[in-house]
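What follows is the content of entry.pdb (PDB, C-alpha atoms, pLDDT in the B column).
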ATOM      1  CA  MET A   1       0.000   0.000   0.000  1.00 37.00           C
ATOM      2  CA  SER A   2       1.362   3.386  -0.979  1.00 53.00           C
ATOM      3  CA  ASN A   3       1.219   5.977   1.773  1.00 68.00           C
ATOM      4  CA  LEU A   4       1.600   8.883  -0.673  1.00 79.00           C
ATOM      5  CA  GLU A   5      -1.075  11.547  -0.373  1.00 89.00           C
ATOM      6  CA  GLU A   6      -3.000  12.489  -3.467  1.00 92.00           C
ATOM      7  CA  VAL A   7      -2.798  15.794  -5.290  1.00 95.00           C
ATOM      8  CA  LEU A   8      -5.856  16.388  -7.441  1.00 97.00           C
ATOM      9  CA  TYR A   9      -4.612  17.264 -10.902  1.00 97.00           C
ATOM     10  CA  ILE A  10      -6.949  18.782 -13.487  1.00 97.00           C
ATOM     11  CA  ASN A  11      -5.774  18.636 -17.095  1.00 97.00           C
ATOM     12  CA  PRO A  12      -5.248  22.040 -18.789  1.00 97.00           C
ATOM     13  CA  LEU A  13      -8.403  23.895 -19.808  1.00 97.00           C
ATOM     14  CA  GLU A  14      -8.751  26.969 -22.006  1.00 97.00           C
ATOM     15  CA  LEU A  15     -11.681  29.004 -20.703  1.00 97.00           C
ATOM     16  CA  SER A  16     -12.865  32.535 -19.944  1.00 96.00           C
ATOM     17  CA  GLY A  17     -11.592  34.560 -16.987  1.00 97.00           C
ATOM     18  CA  PRO A  18     -14.703  34.054 -14.818  1.00 97.00           C
ATOM     19  CA  GLU A  19     -14.694  30.299 -15.471  1.00 97.00           C
ATOM     20  CA  GLN A  20     -11.006  29.929 -14.612  1.00 98.00           C
ATOM     21  CA  MET A  21     -11.347  31.965 -11.406  1.00 98.00           C
ATOM     22  CA  ALA A  22     -14.444  29.933 -10.488  1.00 98.00           C
ATOM     23  CA  ILE A  23     -12.561  26.628 -10.860  1.00 98.00           C
ATOM     24  CA  ASP A  24      -9.739  27.897  -8.616  1.00 98.00           C
ATOM     25  CA  LEU A  25     -12.271  28.969  -5.997  1.00 97.00           C
ATOM     26  CA  PHE A  26     -14.235  25.710  -6.383  1.00 98.00           C
ATOM     27  CA  LEU A  27     -11.050  23.750  -5.568  1.00 98.00           C
ATOM     28  CA  LEU A  28     -10.371  25.924  -2.527  1.00 97.00           C
ATOM     29  CA  GLU A  29     -13.929  25.334  -1.294  1.00 96.00           C
ATOM     30  CA  LYS A  30     -13.537  21.619  -1.979  1.00 96.00           C
ATOM     31  CA  SER A  31     -10.554  21.658   0.381  1.00 96.00           C
ATOM     32  CA  PHE A  32     -12.876  22.726   3.245  1.00 95.00           C
ATOM     33  CA  MET A  33     -15.385  19.934   2.677  1.00 94.00           C
ATOM     34  CA  ASP A  34     -13.355  16.957   1.497  1.00 92.00           C
ATOM     35  CA  LYS A  35     -11.466  15.361   4.367  1.00 89.00           C
ATOM     36  CA  ASN A  36      -9.166  13.449   1.990  1.00 88.00           C
ATOM     37  CA  PHE A  37      -8.193  16.612   0.150  1.00 92.00           C
ATOM     38  CA  ASN A  38      -4.571  17.633   0.600  1.00 92.00           C
ATOM     39  CA  MET A  39      -3.608  19.668  -2.443  1.00 95.00           C
ATOM     40  CA  ALA A  40      -4.784  20.427  -5.979  1.00 97.00           C
ATOM     41  CA  LEU A  41      -2.812  21.603  -8.979  1.00 97.00           C
ATOM     42  CA  ARG A  42      -3.770  22.770 -12.414  1.00 98.00           C
ATOM     43  CA  PHE A  43      -2.362  24.697 -15.367  1.00 98.00           C
ATOM     44  CA  TYR A  44      -4.593  26.648 -17.715  1.00 98.00           C
ATOM     45  CA  THR A  45      -4.834  29.147 -20.545  1.00 97.00           C
ATOM     46  CA  TRP A  46      -7.326  31.918 -21.278  1.00 97.00           C
ATOM     47  CA  ASP A  47      -9.707  32.022 -24.252  1.00 95.00           C
ATOM     48  CA  ASP A  48      -8.702  35.585 -25.195  1.00 94.00           C
ATOM     49  CA  ASN A  49      -6.523  38.457 -23.978  1.00 95.00           C
ATOM     50  CA  TRP A  50      -7.612  38.872 -20.363  1.00 96.00           C
ATOM     51  CA  LEU A  51      -6.512  41.237 -17.641  1.00 95.00           C
ATOM     52  CA  SER A  52      -7.031  39.840 -14.156  1.00 95.00           C
ATOM     53  CA  ILE A  53      -7.082  42.466 -11.427  1.00 94.00           C
ATOM     54  CA  GLY A  54      -6.459  41.983  -7.718  1.00 92.00           C
ATOM     55  CA  LYS A  55      -9.449  41.903  -5.394  1.00 91.00           C
ATOM     56  CA  ASN A  56      -8.453  45.290  -3.923  1.00 88.00           C
ATOM     57  CA  GLN A  57      -7.800  47.124  -7.183  1.00 86.00           C
ATOM     58  CA  LYS A  58     -10.844  49.348  -7.130  1.00 83.00           C
ATOM     59  CA  LYS A  59     -10.231  52.177  -9.547  1.00 85.00           C
ATOM     60  CA  LEU A  60      -9.381  51.079 -13.064  1.00 90.00           C
ATOM     61  CA  PRO A  61      -7.386  53.394 -15.355  1.00 92.00           C
ATOM     62  CA  LYS A  62      -9.402  54.978 -18.167  1.00 93.00           C
ATOM     63  CA  LYS A  63      -7.209  53.327 -20.822  1.00 93.00           C
ATOM     64  CA  TRP A  64      -8.205  49.868 -19.520  1.00 94.00           C
ATOM     65  CA  ILE A  65     -11.866  50.786 -19.807  1.00 93.00           C
ATOM     66  CA  ASP A  66     -11.244  52.060 -23.340  1.00 94.00           C
ATOM     67  CA  LEU A  67      -9.506  48.811 -24.307  1.00 94.00           C
ATOM     68  CA  LEU A  68     -12.469  46.963 -22.828  1.00 93.00           C
ATOM     69  CA  LYS A  69     -14.961  49.035 -24.812  1.00 93.00           C
ATOM     70  CA  ASN A  70     -12.947  48.531 -27.993  1.00 91.00           C
ATOM     71  CA  GLU A  71     -12.965  44.783 -27.329  1.00 89.00           C
ATOM     72  CA  GLN A  72      -9.173  44.546 -27.262  1.00 91.00           C
ATOM     73  CA  LEU A  73      -9.220  43.261 -23.715  1.00 94.00           C
ATOM     74  CA  LYS A  74     -11.477  41.483 -21.224  1.00 95.00           C
ATOM     75  CA  ILE A  75     -11.210  42.048 -17.484  1.00 95.00           C
ATOM     76  CA  VAL A  76     -11.978  39.799 -14.521  1.00 95.00           C
ATOM     77  CA  ARG A  77     -11.360  40.338 -10.806  1.00 95.00           C
ATOM     78  CA  ARG A  78      -9.355  37.625  -9.027  1.00 95.00           C
ATOM     79  CA  PRO A  79     -10.193  36.315  -5.551  1.00 95.00           C
ATOM     80  CA  SER A  80      -6.510  36.933  -4.702  1.00 95.00           C
ATOM     81  CA  GLY A  81      -4.751  40.211  -4.027  1.00 90.00           C
ATOM     82  CA  GLY A  82      -1.903  41.724  -5.987  1.00 87.00           C
ATOM     83  CA  LYS A  83      -1.759  43.864  -9.094  1.00 87.00           C
ATOM     84  CA  ALA A  84      -3.114  43.515 -12.619  1.00 92.00           C
ATOM     85  CA  VAL A  85      -1.829  40.617 -14.701  1.00 93.00           C
ATOM     86  CA  LEU A  86      -2.128  40.433 -18.471  1.00 94.00           C
ATOM     87  CA  HIS A  87      -2.873  36.882 -19.587  1.00 95.00           C
ATOM     88  CA  SER A  88      -1.715  36.869 -23.181  1.00 91.00           C
ATOM     89  CA  ARG A  89      -0.335  33.612 -24.607  1.00 90.00           C
ATOM     90  CA  GLY A  90       1.146  32.668 -21.241  1.00 93.00           C
ATOM     91  CA  LEU A  91       0.464  29.764 -18.914  1.00 95.00           C
ATOM     92  CA  THR A  92      -1.344  30.135 -15.588  1.00 97.00           C
ATOM     93  CA  TYR A  93      -0.974  27.747 -12.667  1.00 97.00           C
ATOM     94  CA  ALA A  94      -3.121  27.308  -9.559  1.00 98.00           C
ATOM     95  CA  LEU A  95      -2.080  25.472  -6.415  1.00 97.00           C
ATOM     96  CA  ILE A  96      -4.559  24.825  -3.604  1.00 97.00           C
ATOM     97  CA  TRP A  97      -2.992  23.706  -0.348  1.00 95.00           C
ATOM     98  CA  LYS A  98      -4.948  22.559   2.676  1.00 94.00           C
ATOM     99  CA  TYR A  99      -2.124  22.675   5.239  1.00 91.00           C
ATOM    100  CA  PRO A 100       0.274  25.469   4.245  1.00 92.00           C
ATOM    101  CA  PRO A 101       2.751  26.975   6.721  1.00 89.00           C
ATOM    102  CA  ARG A 102       0.959  29.725   8.651  1.00 86.00           C
ATOM    103  CA  ASN A 103       3.850  32.087   8.000  1.00 85.00           C
ATOM    104  CA  LYS A 104       3.160  33.929   4.707  1.00 81.00           C
ATOM    105  CA  LYS A 105       6.844  34.276   3.824  1.00 83.00           C
ATOM    106  CA  GLU A 106       7.468  30.582   4.434  1.00 87.00           C
ATOM    107  CA  SER A 107       4.387  29.652   2.398  1.00 87.00           C
ATOM    108  CA  TYR A 108       5.575  31.724  -0.575  1.00 84.00           C
ATOM    109  CA  LEU A 109       9.075  30.226  -0.425  1.00 84.00           C
ATOM    110  CA  LYS A 110       7.648  26.709  -0.445  1.00 86.00           C
ATOM    111  CA  THR A 111       4.947  27.310  -3.065  1.00 88.00           C
ATOM    112  CA  THR A 112       7.408  29.048  -5.359  1.00 87.00           C
ATOM    113  CA  LYS A 113      10.330  26.636  -4.924  1.00 89.00           C
ATOM    114  CA  TRP A 114       8.799  23.950  -7.155  1.00 91.00           C
ATOM    115  CA  LEU A 115       8.370  26.547  -9.933  1.00 93.00           C
ATOM    116  CA  LYS A 116      11.980  27.649  -9.549  1.00 92.00           C
ATOM    117  CA  ASP A 117      13.253  24.052  -9.599  1.00 92.00           C
ATOM    118  CA  GLY A 118      11.077  23.136 -12.593  1.00 91.00           C
ATOM    119  CA  PHE A 119      12.446  26.042 -14.608  1.00 90.00           C
ATOM    120  CA  LYS A 120      16.015  25.192 -13.613  1.00 90.00           C
ATOM    121  CA  LYS A 121      15.484  21.736 -15.091  1.00 86.00           C
ATOM    122  CA  ALA A 122      14.223  23.440 -18.257  1.00 83.00           C
ATOM    123  CA  GLY A 123      17.449  25.432 -18.437  1.00 84.00           C
ATOM    124  CA  VAL A 124      16.209  28.751 -16.979  1.00 86.00           C
ATOM    125  CA  ASP A 125      17.688  29.982 -13.693  1.00 88.00           C
ATOM    126  CA  LEU A 126      15.177  31.986 -11.698  1.00 89.00           C
ATOM    127  CA  PHE A 127      15.539  33.756  -8.355  1.00 86.00           C
ATOM    128  CA  PHE A 128      13.128  35.050  -5.730  1.00 82.00           C
ATOM    129  CA  GLY A 129      12.201  38.698  -6.212  1.00 77.00           C
ATOM    130  CA  ASN A 130      13.183  40.948  -3.313  1.00 70.00           C
ATOM    131  CA  GLN A 131      11.566  44.321  -3.795  1.00 49.00           C
ATOM    132  CA  PRO A 132       9.069  45.735  -1.334  1.00 48.00           C
ATOM    133  CA  VAL A 133       5.467  45.799  -2.534  1.00 44.00           C
ATOM    134  CA  ASN A 134       4.836  48.913  -4.612  1.00 48.00           C
ATOM    135  CA  ILE A 135       1.342  50.121  -3.800  1.00 44.00           C
ATOM    136  CA  SER A 136       1.305  52.824  -6.478  1.00 47.00           C
ATOM    137  CA  ASN A 137       1.985  50.566  -9.449  1.00 54.00           C
ATOM    138  CA  SER A 138      -0.912  48.788 -11.110  1.00 57.00           C
ATOM    139  CA  ASN A 139       1.222  46.340 -13.107  1.00 58.00           C
ATOM    140  CA  CYS A 140       2.107  43.064 -11.375  1.00 61.00           C
ATOM    141  CA  PHE A 141       5.112  42.477 -13.638  1.00 53.00           C
ATOM    142  CA  SER A 142       6.793  45.829 -12.985  1.00 53.00           C
ATOM    143  CA  THR A 143       7.981  44.895  -9.487  1.00 55.00           C
ATOM    144  CA  SER A 144       9.041  41.607  -7.947  1.00 56.00           C
ATOM    145  CA  THR A 145       8.434  40.567  -4.369  1.00 60.00           C
ATOM    146  CA  LEU A 146       9.060  37.243  -2.654  1.00 63.00           C
ATOM    147  CA  ALA A 147       5.977  35.918  -4.456  1.00 67.00           C
ATOM    148  CA  ASP A 148       7.711  36.297  -7.804  1.00 79.00           C
ATOM    149  CA  LEU A 149      10.519  34.713  -9.772  1.00 86.00           C
ATOM    150  CA  VAL A 150      12.964  36.770 -11.818  1.00 85.00           C
ATOM    151  CA  ASP A 151      16.003  35.964 -13.969  1.00 84.00           C
ATOM    152  CA  LYS A 152      19.502  37.271 -13.283  1.00 84.00           C
ATOM    153  CA  ASP A 153      18.700  40.489 -15.178  1.00 83.00           C
ATOM    154  CA  LYS A 154      15.660  41.069 -12.926  1.00 82.00           C
ATOM    155  CA  ASN A 155      13.176  40.253 -15.703  1.00 83.00           C
ATOM    156  CA  LYS A 156      10.131  38.791 -14.030  1.00 84.00           C
ATOM    157  CA  HIS A 157       9.082  35.411 -15.448  1.00 87.00           C
ATOM    158  CA  ILE A 158       6.428  34.373 -12.933  1.00 89.00           C
ATOM    159  CA  GLY A 159       4.142  36.575 -10.844  1.00 89.00           C
ATOM    160  CA  SER A 160       1.999  34.943  -8.150  1.00 90.00           C
ATOM    161  CA  ALA A 161      -0.810  36.010  -5.815  1.00 91.00           C
ATOM    162  CA  GLN A 162      -2.400  34.366  -2.800  1.00 92.00           C
ATOM    163  CA  TYR A 163      -5.871  34.069  -1.318  1.00 94.00           C
ATOM    164  CA  TRP A 164      -6.202  32.665   2.203  1.00 94.00           C
ATOM    165  CA  LYS A 165      -9.421  31.368   3.701  1.00 95.00           C
ATOM    166  CA  LYS A 166      -9.867  29.330   6.920  1.00 95.00           C
ATOM    167  CA  GLY A 167      -6.110  28.718   6.942  1.00 94.00           C
ATOM    168  CA  HIS A 168      -6.211  27.107   3.487  1.00 95.00           C
ATOM    169  CA  LEU A 169      -4.305  28.605   0.590  1.00 95.00           C
ATOM    170  CA  LEU A 170      -5.067  29.290  -3.044  1.00 96.00           C
ATOM    171  CA  GLN A 171      -2.008  30.512  -4.920  1.00 94.00           C
ATOM    172  CA  HIS A 172      -2.153  31.181  -8.608  1.00 96.00           C
ATOM    173  CA  GLY A 173       0.215  32.911 -10.948  1.00 94.00           C
ATOM    174  CA  GLU A 174       1.139  33.700 -14.517  1.00 94.00           C
ATOM    175  CA  ILE A 175       4.124  32.146 -16.274  1.00 93.00           C
ATOM    176  CA  LEU A 176       5.084  34.581 -19.023  1.00 91.00           C
ATOM    177  CA  MET A 177       5.897  33.021 -22.364  1.00 89.00           C
ATOM    178  CA  GLU A 178       5.329  35.222 -25.408  1.00 86.00           C
ATOM    179  CA  PRO A 179       3.114  38.121 -24.329  1.00 87.00           C
ATOM    180  CA  SER A 180       1.748  40.447 -27.000  1.00 88.00           C
ATOM    181  CA  LYS A 181       4.153  43.397 -26.944  1.00 90.00           C
ATOM    182  CA  LYS A 182       1.649  45.700 -28.556  1.00 94.00           C
ATOM    183  CA  LEU A 183      -1.115  44.966 -26.058  1.00 94.00           C
ATOM    184  CA  TRP A 184       1.264  45.042 -23.086  1.00 93.00           C
ATOM    185  CA  LYS A 185       2.355  48.534 -24.130  1.00 93.00           C
ATOM    186  CA  LYS A 186      -1.272  49.657 -24.457  1.00 94.00           C
ATOM    187  CA  VAL A 187      -2.193  48.304 -21.029  1.00 93.00           C
ATOM    188  CA  PHE A 188       0.892  49.178 -18.979  1.00 92.00           C
ATOM    189  CA  ASN A 189       2.670  51.885 -21.024  1.00 90.00           C
ATOM    190  CA  THR A 190       5.853  49.853 -21.005  1.00 89.00           C
ATOM    191  CA  ASP A 191       7.465  46.871 -22.730  1.00 88.00           C
ATOM    192  CA  PRO A 192       6.922  43.389 -21.284  1.00 88.00           C
ATOM    193  CA  PRO A 193       9.804  41.766 -19.378  1.00 86.00           C
ATOM    194  CA  LYS A 194      12.417  40.274 -21.717  1.00 83.00           C
ATOM    195  CA  ILE A 195      11.755  36.571 -21.452  1.00 79.00           C
ATOM    196  CA  LYS A 196      14.593  34.376 -22.630  1.00 70.00           C
ATOM    197  CA  ASN A 197      12.587  31.185 -22.412  1.00 62.00           C
ATOM    198  CA  LYS A 198      14.484  28.178 -23.637  1.00 62.00           C
ATOM    199  CA  ILE A 199      11.182  26.379 -23.889  1.00 65.00           C
ATOM    200  CA  LYS A 200       8.299  27.666 -25.927  1.00 73.00           C
ATOM    201  CA  GLU A 201       5.945  24.701 -25.658  1.00 84.00           C
ATOM    202  CA  LYS A 202       3.514  24.883 -22.764  1.00 91.00           C
ATOM    203  CA  GLY A 203       3.340  21.076 -22.633  1.00 92.00           C
ATOM    204  CA  LYS A 204       7.059  20.850 -21.857  1.00 90.00           C
ATOM    205  CA  VAL A 205       6.835  23.518 -19.156  1.00 91.00           C
ATOM    206  CA  ILE A 206       3.965  21.590 -17.548  1.00 94.00           C
ATOM    207  CA  THR A 207       5.936  18.324 -17.647  1.00 94.00           C
ATOM    208  CA  PHE A 208       8.966  19.897 -15.934  1.00 93.00           C
ATOM    209  CA  LEU A 209       6.779  21.548 -13.295  1.00 95.00           C
ATOM    210  CA  LYS A 210       4.824  18.385 -12.527  1.00 95.00           C
ATOM    211  CA  GLU A 211       8.111  16.515 -11.996  1.00 94.00           C
ATOM    212  CA  SER A 212       9.383  19.343  -9.813  1.00 94.00           C
ATOM    213  CA  LEU A 213       6.252  19.281  -7.632  1.00 93.00           C
ATOM    214  CA  GLY A 214       6.968  15.615  -6.838  1.00 91.00           C
ATOM    215  CA  LYS A 215      10.494  16.526  -5.731  1.00 91.00           C
ATOM    216  CA  THR A 216       9.391  19.467  -3.569  1.00 89.00           C
ATOM    217  CA  TRP A 217       6.689  17.354  -1.909  1.00 90.00           C
ATOM    218  CA  PRO A 218       7.966  13.742  -2.129  1.00 92.00           C
ATOM    219  CA  ASN A 219       5.053  12.515   0.013  1.00 92.00           C
ATOM    220  CA  LEU A 220       2.542  13.551  -2.657  1.00 90.00           C
ATOM    221  CA  LYS A 221       1.487  11.979  -5.946  1.00 92.00           C
ATOM    222  CA  LEU A 222      -0.528  13.518  -8.758  1.00 94.00           C
ATOM    223  CA  CYS A 223      -3.911  11.904  -9.449  1.00 95.00           C
ATOM    224  CA  ASN A 224      -5.989  12.989 -12.418  1.00 96.00           C
ATOM    225  CA  TYR A 225      -9.278  14.551 -11.415  1.00 96.00           C
ATOM    226  CA  THR A 226     -12.074  15.145 -13.907  1.00 96.00           C
ATOM    227  CA  LEU A 227     -14.768  17.704 -13.166  1.00 97.00           C
ATOM    228  CA  ASP A 228     -18.139  15.942 -13.136  1.00 97.00           C
ATOM    229  CA  GLU A 229     -21.522  17.458 -13.984  1.00 98.00           C
ATOM    230  CA  LYS A 230     -22.190  18.463 -10.378  1.00 97.00           C
ATOM    231  CA  ASP A 231     -18.779  20.193 -10.172  1.00 97.00           C
ATOM    232  CA  LYS A 232     -19.469  21.996 -13.445  1.00 97.00           C
ATOM    233  CA  GLU A 233     -22.804  23.264 -12.130  1.00 98.00           C
ATOM    234  CA  ILE A 234     -21.154  24.687  -8.992  1.00 97.00           C
ATOM    235  CA  ILE A 235     -18.383  26.274 -11.112  1.00 97.00           C
ATOM    236  CA  LYS A 236     -20.913  27.806 -13.494  1.00 97.00           C
ATOM    237  CA  ARG A 237     -22.786  29.346 -10.558  1.00 96.00           C
ATOM    238  CA  LEU A 238     -19.568  30.673  -8.984  1.00 96.00           C
ATOM    239  CA  ALA A 239     -18.519  32.198 -12.323  1.00 96.00           C
ATOM    240  CA  ILE A 240     -21.826  34.071 -12.570  1.00 94.00           C
ATOM    241  CA  ASP A 241     -22.188  35.037  -8.893  1.00 94.00           C
ATOM    242  CA  LYS A 242     -18.620  35.982  -8.039  1.00 93.00           C
ATOM    243  CA  PHE A 243     -16.649  36.600 -11.214  1.00 92.00           C
ATOM    244  CA  LYS A 244     -18.906  38.337 -13.663  1.00 80.00           C
ATOM    245  CA  LYS A 245     -16.779  39.790 -16.431  1.00 73.00           C
ATOM    246  CA  ILE A 246     -16.231  43.518 -16.018  1.00 77.00           C
ATOM    247  CA  ASN A 247     -18.138  45.120 -18.914  1.00 72.00           C
ATOM    248  CA  HIS A 248     -18.039  48.770 -18.000  1.00 59.00           C
ATOM    249  CA  HIS A 249     -17.069  51.013 -15.137  1.00 47.00           C
TER     250      HIS A 249
END
Can the structure from this file be put into structure tokens for me?
Amino acid sequence: MSNLEEVLYINPLELSGPEQMAIDLFLLEKSFMDKNFNMALRFYTWDDNWLSIGKNQKKLPKKWIDLLKNEQLKIVRRPSGGKAVLHSRGLTYALIWKYPPRNKKESYLKTTKWLKDGFKKAGVDLFFGNQPVNISNSNCFSTSTLADLVDKDKNKHIGSAQYWKKGHLLQHGEILMEPSKKLWKKVFNTDPPKIKNKIKEKGKVITFLKESLGKTWPNLKLCNYTLDEKDKEIIKRLAIDKFKKINHH
């Protein structure tokens, strides 16, 4: 008998912002109710160019609203904090952890280590960001805190955000790959970080990261989990109730 604990793994899905946020929240809520739940992991992509904004980002810049009106961008509010993230041809991950360290710093170091190790295996050396949080900046990728991973030239490759509830943790983040330069400039008035990714295929990145997760948590094993009809109903309701797409301001 194996005494490895299961990690629910959902195969990559390409969906809208509200649907993706609803699945992340659904998994967090599942962690409260399911006594066998230990951790869940998934990678996903977005069905268009989406901007996800932190739960506390109240006032949106006029240019974002204009891009929204001109249908160049869609906006959804995340359950997690942090700044705006442009999801454009990148890869998003979500990790739900039932028993994280209570210390936020420790939790970030642990939940970001497997990403760092996975990228090292893929030939990209990343380091923990070390800047203080910049309240005035609306762009997640313009500063790097402990939640983020940067290369030696301080280009940010992965930006992560957390949402804590009842001591359980939802951490999700964006792995930059080939963001649209033009759109990035329109949204943030700056060029995207220079990403020297050795690997362009999302499938390869996922493979390296899944292997790395097993090394960071050797007592865990990935088990495929398929959303059933009941799950999909709950997710659909969450998407409508909590993550309605932002249409106007």
Once 6 Å is added on each side, what are the centre and the three edge lengths, in Å to one decimal, of the axis-aligned box enclosing the listed atoms of range 198-212 of chain A? Present them as lines of an AutoDock Vina configuration file.
center_x = 8.9
center_y = 22.3
center_z = -17.9
size_x = 23.1
size_y = 23.7
size_z = 28.1
Practice item. Counting all atoms listed in the file, figure out which residue out of A:Glu233, A:Lys196, A:Lys181, A:Ser31 gets nearest to Phe119 in chain A. Key: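 Result for the nearest residue to Phe119 in chain A: A:Lys196.
For the set A:Val76, A:Leu95, A:Leu222, A:Met21, the residue with the smallest atom-to-atom gap to Leu8 in chain A is A:Leu222, counting only C-alpha atoms.
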Check your understanding: Could you tell me, as a list of chain:residue names, which residues have any atom at most 10 Å from (-12.9, 26.6, -6.9), counting all atoms listed in the file?
Key ->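 Answer for this query, in the requested form: A:Glu19, A:Gln20, A:Met21, A:Ala22, A:Ile23, A:Asp24, A:Leu25, A:Phe26, A:Leu27, A:Leu28, A:Glu29, A:Lys30, A:Ser31, A:Ile96, A:Leu170, A:Asp231, A:Ile234, A:Ile235, A:Leu238, A:Ala239.
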Exercise for review: Pick out the closest residue to Lys182 in chain A from this set: A:Trp164, A:Lys154, A:Leu86, A:Leu220. Count only C-alpha atoms.
Suggested key: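 Smallest distance to Lys182 in chain A is found for A:Leu86.
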8 Å contact set for Asn155 in chain A, only C-alpha atoms, chain neighbours under 2 positions out, as a short mmCIF file (atom, residue, chain, number, x, y, z; two decimals) with C-alpha atoms, in the frame of the given file:
data_model
loop_
_atom_site.label_atom_id
_atom_site.label_comp_id
_atom_site.auth_asym_id
_atom_site.auth_seq_id
_atom_site.Cartn_x
_atom_site.Cartn_y
_atom_site.Cartn_z
CA VAL A 150 12.96 36.77 -11.82
CA ASP A 151 16.00 35.96 -13.97
CA LYS A 152 19.50 37.27 -13.28
CA ASP A 153 18.70 40.49 -15.18
CA HIS A 157 9.08 35.41 -15.45
CA PRO A 193 9.80 41.77 -19.38
CA LYS A 194 12.42 40.27 -21.72
CA ILE A 195 11.76 36.57 -21.45
#
Exercise for review: Using the chain letters and residue numbers of this document, give as a list of chain:residue names the residues selected by the PyMOL selection byres ((chain A and resi 191) around 12).
Suggested key: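 On the file shown, the PyMOL selection byres ((chain A and resi 191) around 12) covers A:Asn139, A:Phe141, A:Ser142, A:Asn155, A:Pro179, A:Ser180, A:Lys181, A:Lys182, A:Leu183, A:Trp184, A:Lys185, A:Lys186, A:Val187, A:Phe188, A:Asn189, A:Thr190, A:Pro192, A:Pro193, A:Lys194, A:Ile195.
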Review point. Which of these residues is nearest to Thr226 in chain A, using only C-alpha atoms: A:Tyr9, A:Trp97, A:Phe128, A:Phe32?
Key: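 Residue with the minimum atom-to-atom distance to Thr226 in chain A: A:Tyr9.
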Practice item. Within 10 Å of Glu71 in chain A, counting only C-alpha atoms, which residues show up once you throw out same-chain ones fewer than 5 positions away? Write them as number ranges by chain, please. Key: A: 49, 65-66, 247
